[in-house]
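Accompanying notes for the structure given below.
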Amino acid sequence: MTTRNYRIAPSILSADFARLGEEVKAVVAAGADWIHFDVMDNHYVPNLTIGPLVCKAIRPHVKVPIDIHLMIKPVDRIIPDFANAGANIITFHPEASDHIDRTLSLIRESGCMGGLVFNPATPLTYMDHVMDKLDVVLLMSVNPGFGGQAFIAESLHKVAAARAKVDAYKRTTGREILIEIDGGVKTDNIGEIARAGVDVFVAGSAIFCAPDAAGDYTGVMRQFRENLRASAVA
Ligand code: DX5
Ligand code: ZN
């Protein structure tokens, strides 16, 4: 069984936005590896959230990478704004860009790591001819737009298929592309998801709505790590 360098990326979509600075500090103190930042435009997805201004506001409070998940259309114009606001990783949905290769190049030119996001029904073929421009592949295990939805089990097959592609690419180039999953990740399914081949786990409601957390996320983060460790020997 492979042991990966697992990363946990709490999604601030489920945080208390009235106390966002304290929330991001608390989740980093509890061991968050990345901060996952969901950008929705009420056009590509039926919800409206946060933009570069909020990214800039939280940047001084956290040293870990900020992972921007763009659920917006069009994509390109806003990329430099996020880079200037301190983003480290920027991913977008291929359906939302008319020129996927160009958008990926723009992310790299702005100094960030870049990647594509695949909705549950979006085929992985979008990654085939842009592998050299991908640092991360984000697989949605819910339909994008809202936190707190149930994990779509078919996503596990997709993780395995994406794993095969990035492993084959690493064998020929030596370069690693991370596989990230987003939606419905809980302490009781993270082990199974890890075994399918994921590197980075986004979790929103499981962390920020954890019962009895009261602003202290060390308990739920420890449980995630323990279940990841157990999955490696299972
Ligand atoms: C949904 C977002 C997710 C969301 C996940 O469109 O991309 O990042 O916050 O929330 P949970 O972990 O509650 O499913
Ligand atoms: Zn997300």
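FYI, nothing fancy with the structure tokens labels: chains A, B, ... in order, residues from 1 per chain, ligands from 1 as they appear.
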
Would you mind listing what lies within 6 Å of stretch 62-64 of chain A as a PyMOL selection string, with only C-alpha atoms counted and same-chain residues fewer than 2 positions away left out? chain A and resi 34+59-60

For the selection you just gave me, I'd like the residues written to a file as a PDB file, in the first residue's frame, keeping N, CA and C atoms.
```pdb
ATOM      1  N   TRP A  34      -3.551  23.320   3.385  1.00  0.00           N
ATOM      2  CA  TRP A  34      -3.924  24.385   2.457  1.00  0.00           C
ATOM      3  C   TRP A  34      -5.232  24.982   2.973  1.00  0.00           C
ATOM      4  N   ARG A  59      -4.949  36.594   3.686  1.00  0.00           N
ATOM      5  CA  ARG A  59      -3.546  36.256   3.381  1.00  0.00           C
ATOM      6  C   ARG A  59      -2.576  36.509   4.559  1.00  0.00           C
ATOM      7  N   PRO A  60      -2.640  37.677   5.226  1.00  0.00           N
ATOM      8  CA  PRO A  60      -1.668  37.906   6.311  1.00  0.00           C
ATOM      9  C   PRO A  60      -1.873  36.989   7.518  1.00  0.00           C
TER      10      PRO A  60
END
```

Can you tell me which residues come within 8 Å of ligand 2 when counting only C-alpha atoms and all ligand atoms, ideally as a list in words?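 Result of the 8 Å neighbour search around ligand 2: Ser11, His36, Phe37, Asp38, Val39, Ile68, His69, Leu70, Met140, Pro144, Asp182, Gly183 and Val202 of chain A.
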
Quick one: write out the picked residues with all heavy atoms as an mmCIF file, in the first residue's frame?
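Final file, again.cif:
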```
data_model
loop_
_atom_site.group_PDB
_atom_site.id
_atom_site.type_symbol
_atom_site.label_atom_id
_atom_site.label_comp_id
_atom_site.auth_asym_id
_atom_site.auth_seq_id
_atom_site.Cartn_x
_atom_site.Cartn_y
_atom_site.Cartn_z
ATOM 1 N N SER A 11 -12.257 23.785 3.508
ATOM 2 C CA SER A 11 -12.960 24.754 2.660
ATOM 3 C C SER A 11 -13.661 25.767 3.547
ATOM 4 O O SER A 11 -14.557 25.412 4.320
ATOM 5 C CB SER A 11 -13.992 24.039 1.788
ATOM 6 O OG SER A 11 -14.915 24.987 1.290
ATOM 7 N N HIS A 36 -8.718 26.025 1.336
ATOM 8 C CA HIS A 36 -9.479 25.920 0.084
ATOM 9 C C HIS A 36 -10.509 27.056 0.048
ATOM 10 O O HIS A 36 -11.280 27.255 0.988
ATOM 11 C CB HIS A 36 -10.166 24.555 0.019
ATOM 12 C CG HIS A 36 -10.892 24.291 -1.258
ATOM 13 N ND1 HIS A 36 -10.251 23.885 -2.404
ATOM 14 C CD2 HIS A 36 -12.209 24.366 -1.569
ATOM 15 C CE1 HIS A 36 -11.146 23.714 -3.370
ATOM 16 N NE2 HIS A 36 -12.345 24.014 -2.892
ATOM 17 N N PHE A 37 -10.524 27.788 -1.079
ATOM 18 C CA PHE A 37 -11.232 29.065 -1.184
ATOM 19 C C PHE A 37 -12.180 28.982 -2.387
ATOM 20 O O PHE A 37 -11.737 28.994 -3.547
ATOM 21 C CB PHE A 37 -10.151 30.136 -1.380
ATOM 22 C CG PHE A 37 -10.587 31.565 -1.289
ATOM 23 C CD1 PHE A 37 -10.264 32.345 -0.177
ATOM 24 C CD2 PHE A 37 -11.280 32.178 -2.331
ATOM 25 C CE1 PHE A 37 -10.616 33.694 -0.108
ATOM 26 C CE2 PHE A 37 -11.643 33.517 -2.271
ATOM 27 C CZ PHE A 37 -11.308 34.277 -1.154
ATOM 28 N N ASP A 38 -13.479 28.866 -2.129
ATOM 29 C CA ASP A 38 -14.465 28.616 -3.193
ATOM 30 C C ASP A 38 -15.039 29.910 -3.746
ATOM 31 O O ASP A 38 -15.695 30.665 -3.014
ATOM 32 C CB ASP A 38 -15.605 27.753 -2.635
ATOM 33 C CG ASP A 38 -15.155 26.322 -2.388
ATOM 34 O OD1 ASP A 38 -14.715 25.669 -3.346
ATOM 35 O OD2 ASP A 38 -15.234 25.871 -1.230
ATOM 36 N N VAL A 39 -14.826 30.125 -5.024
ATOM 37 C CA VAL A 39 -15.275 31.352 -5.681
ATOM 38 C C VAL A 39 -16.445 31.017 -6.611
ATOM 39 O O VAL A 39 -16.280 30.274 -7.579
ATOM 40 C CB VAL A 39 -14.125 31.991 -6.494
ATOM 41 C CG1 VAL A 39 -14.568 33.324 -7.086
ATOM 42 C CG2 VAL A 39 -12.880 32.160 -5.627
ATOM 43 N N ILE A 68 -7.315 28.394 -4.623
ATOM 44 C CA ILE A 68 -8.503 29.071 -5.159
ATOM 45 C C ILE A 68 -9.231 28.153 -6.147
ATOM 46 O O ILE A 68 -8.669 27.753 -7.173
ATOM 47 C CB ILE A 68 -8.094 30.364 -5.914
ATOM 48 C CG1 ILE A 68 -7.237 31.288 -5.027
ATOM 49 C CG2 ILE A 68 -9.330 31.079 -6.459
ATOM 50 C CD1 ILE A 68 -7.963 31.963 -3.914
ATOM 51 N N HIS A 69 -10.472 27.820 -5.832
ATOM 52 C CA HIS A 69 -11.307 26.984 -6.700
ATOM 53 C C HIS A 69 -12.315 27.904 -7.389
ATOM 54 O O HIS A 69 -13.266 28.370 -6.770
ATOM 55 C CB HIS A 69 -12.004 25.909 -5.837
ATOM 56 C CG HIS A 69 -13.017 25.102 -6.570
ATOM 57 N ND1 HIS A 69 -13.888 24.244 -5.915
ATOM 58 C CD2 HIS A 69 -13.305 24.987 -7.898
ATOM 59 C CE1 HIS A 69 -14.674 23.658 -6.810
ATOM 60 N NE2 HIS A 69 -14.341 24.099 -8.018
ATOM 61 N N LEU A 70 -12.048 28.177 -8.680
ATOM 62 C CA LEU A 70 -12.891 29.110 -9.423
ATOM 63 C C LEU A 70 -14.092 28.391 -10.019
ATOM 64 O O LEU A 70 -13.946 27.520 -10.886
ATOM 65 C CB LEU A 70 -12.082 29.766 -10.547
ATOM 66 C CG LEU A 70 -10.902 30.651 -10.129
ATOM 67 C CD1 LEU A 70 -10.191 31.180 -11.372
ATOM 68 C CD2 LEU A 70 -11.370 31.802 -9.233
ATOM 69 N N MET A 140 -14.392 16.793 -8.541
ATOM 70 C CA MET A 140 -15.568 17.100 -7.728
ATOM 71 C C MET A 140 -16.308 15.800 -7.418
ATOM 72 O O MET A 140 -16.664 15.049 -8.336
ATOM 73 C CB MET A 140 -16.524 18.045 -8.477
ATOM 74 C CG MET A 140 -16.005 19.449 -8.738
ATOM 75 S SD MET A 140 -15.470 20.335 -7.267
ATOM 76 C CE MET A 140 -16.991 20.409 -6.305
ATOM 77 N N PRO A 144 -20.917 21.126 -8.101
ATOM 78 C CA PRO A 144 -20.414 22.322 -7.433
ATOM 79 C C PRO A 144 -21.518 23.336 -7.132
ATOM 80 O O PRO A 144 -22.508 23.419 -7.854
ATOM 81 C CB PRO A 144 -19.415 22.889 -8.454
ATOM 82 C CG PRO A 144 -19.904 22.407 -9.775
ATOM 83 C CD PRO A 144 -20.502 21.045 -9.515
ATOM 84 N N ASP A 182 -12.997 17.031 -3.791
ATOM 85 C CA ASP A 182 -13.791 18.107 -3.187
ATOM 86 C C ASP A 182 -15.266 17.730 -3.173
ATOM 87 O O ASP A 182 -15.884 17.590 -4.232
ATOM 88 C CB ASP A 182 -13.566 19.391 -4.013
ATOM 89 C CG ASP A 182 -14.226 20.613 -3.406
ATOM 90 O OD1 ASP A 182 -14.815 20.512 -2.316
ATOM 91 O OD2 ASP A 182 -14.131 21.682 -4.049
ATOM 92 N N GLY A 183 -15.804 17.593 -1.957
ATOM 93 C CA GLY A 183 -17.245 17.385 -1.803
ATOM 94 C C GLY A 183 -17.586 16.122 -1.034
ATOM 95 O O GLY A 183 -17.233 15.026 -1.450
ATOM 96 N N VAL A 202 -10.249 18.106 0.274
ATOM 97 C CA VAL A 202 -10.988 19.314 0.669
ATOM 98 C C VAL A 202 -12.124 18.861 1.589
ATOM 99 O O VAL A 202 -12.799 17.876 1.292
ATOM 100 C CB VAL A 202 -11.571 20.025 -0.569
ATOM 101 C CG1 VAL A 202 -12.441 21.206 -0.149
ATOM 102 C CG2 VAL A 202 -10.461 20.460 -1.507
#
```

Write out as a Markdown table a residue-level contact list of chain A versus ligand 1 with cut-off 6 Å: for each qualifying residue the closest pair of atoms and the distance in Å to one decimal, counting only C-alpha atoms and all ligand atoms, rows sorted by chain and residue number upward.
```
| residue | atom | partner | partner_atom_place_in_ligand_line | distance |
| --- | --- | --- | --- | --- |
| A:Ser11 | CA | ligand 1 | 9 (O) | 4.9 |
| A:Leu13 | CA | ligand 1 | 9 (O) | 4.8 |
| A:Asp38 | CA | ligand 1 | 7 (O) | 5.7 |
| A:Pro144 | CA | ligand 1 | 6 (O) | 3.3 |
| A:Gly145 | CA | ligand 1 | 6 (O) | 3.8 |
| A:Phe146 | CA | ligand 1 | 1 (C) | 4.6 |
| A:Gly147 | CA | ligand 1 | 10 (O) | 3.5 |
| A:Gly148 | CA | ligand 1 | 13 (O) | 3.6 |
| A:Gln149 | CA | ligand 1 | 14 (O) | 5.1 |
| A:Asp182 | CA | ligand 1 | 8 (O) | 5.5 |
| A:Gly183 | CA | ligand 1 | 14 (O) | 3.6 |
| A:Gly184 | CA | ligand 1 | 14 (O) | 3.7 |
| A:Val185 | CA | ligand 1 | 12 (O) | 5.4 |
| A:Ala203 | CA | ligand 1 | 12 (O) | 3.7 |
| A:Gly204 | CA | ligand 1 | 12 (O) | 3.6 |
| A:Ser205 | CA | ligand 1 | 13 (O) | 3.7 |
| A:Ala206 | CA | ligand 1 | 12 (O) | 5.9 |
```

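Going from atom CA of A:Leu138 over to atom CA of A:Gly197, you cover 12.4 Å.
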
May I ask which of the residues A:Ala57, A:Glu226, A:Gly115, A:Asp101 is the closest one to A:Leu178, counting only C-alpha atoms? A:Gly115

Expressed in Å to a single decimal, how great is the separation between atom CA of A:Asp16 and atom CA of A:Ile50?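 Here the two named atoms are 13.2 Å from each other.
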
DSSP strand (DSSP E) residues within stretch 95-217 of chain A, as a PyMOL selection string: chain A and resi 113-118+136-140+178-182+200-203
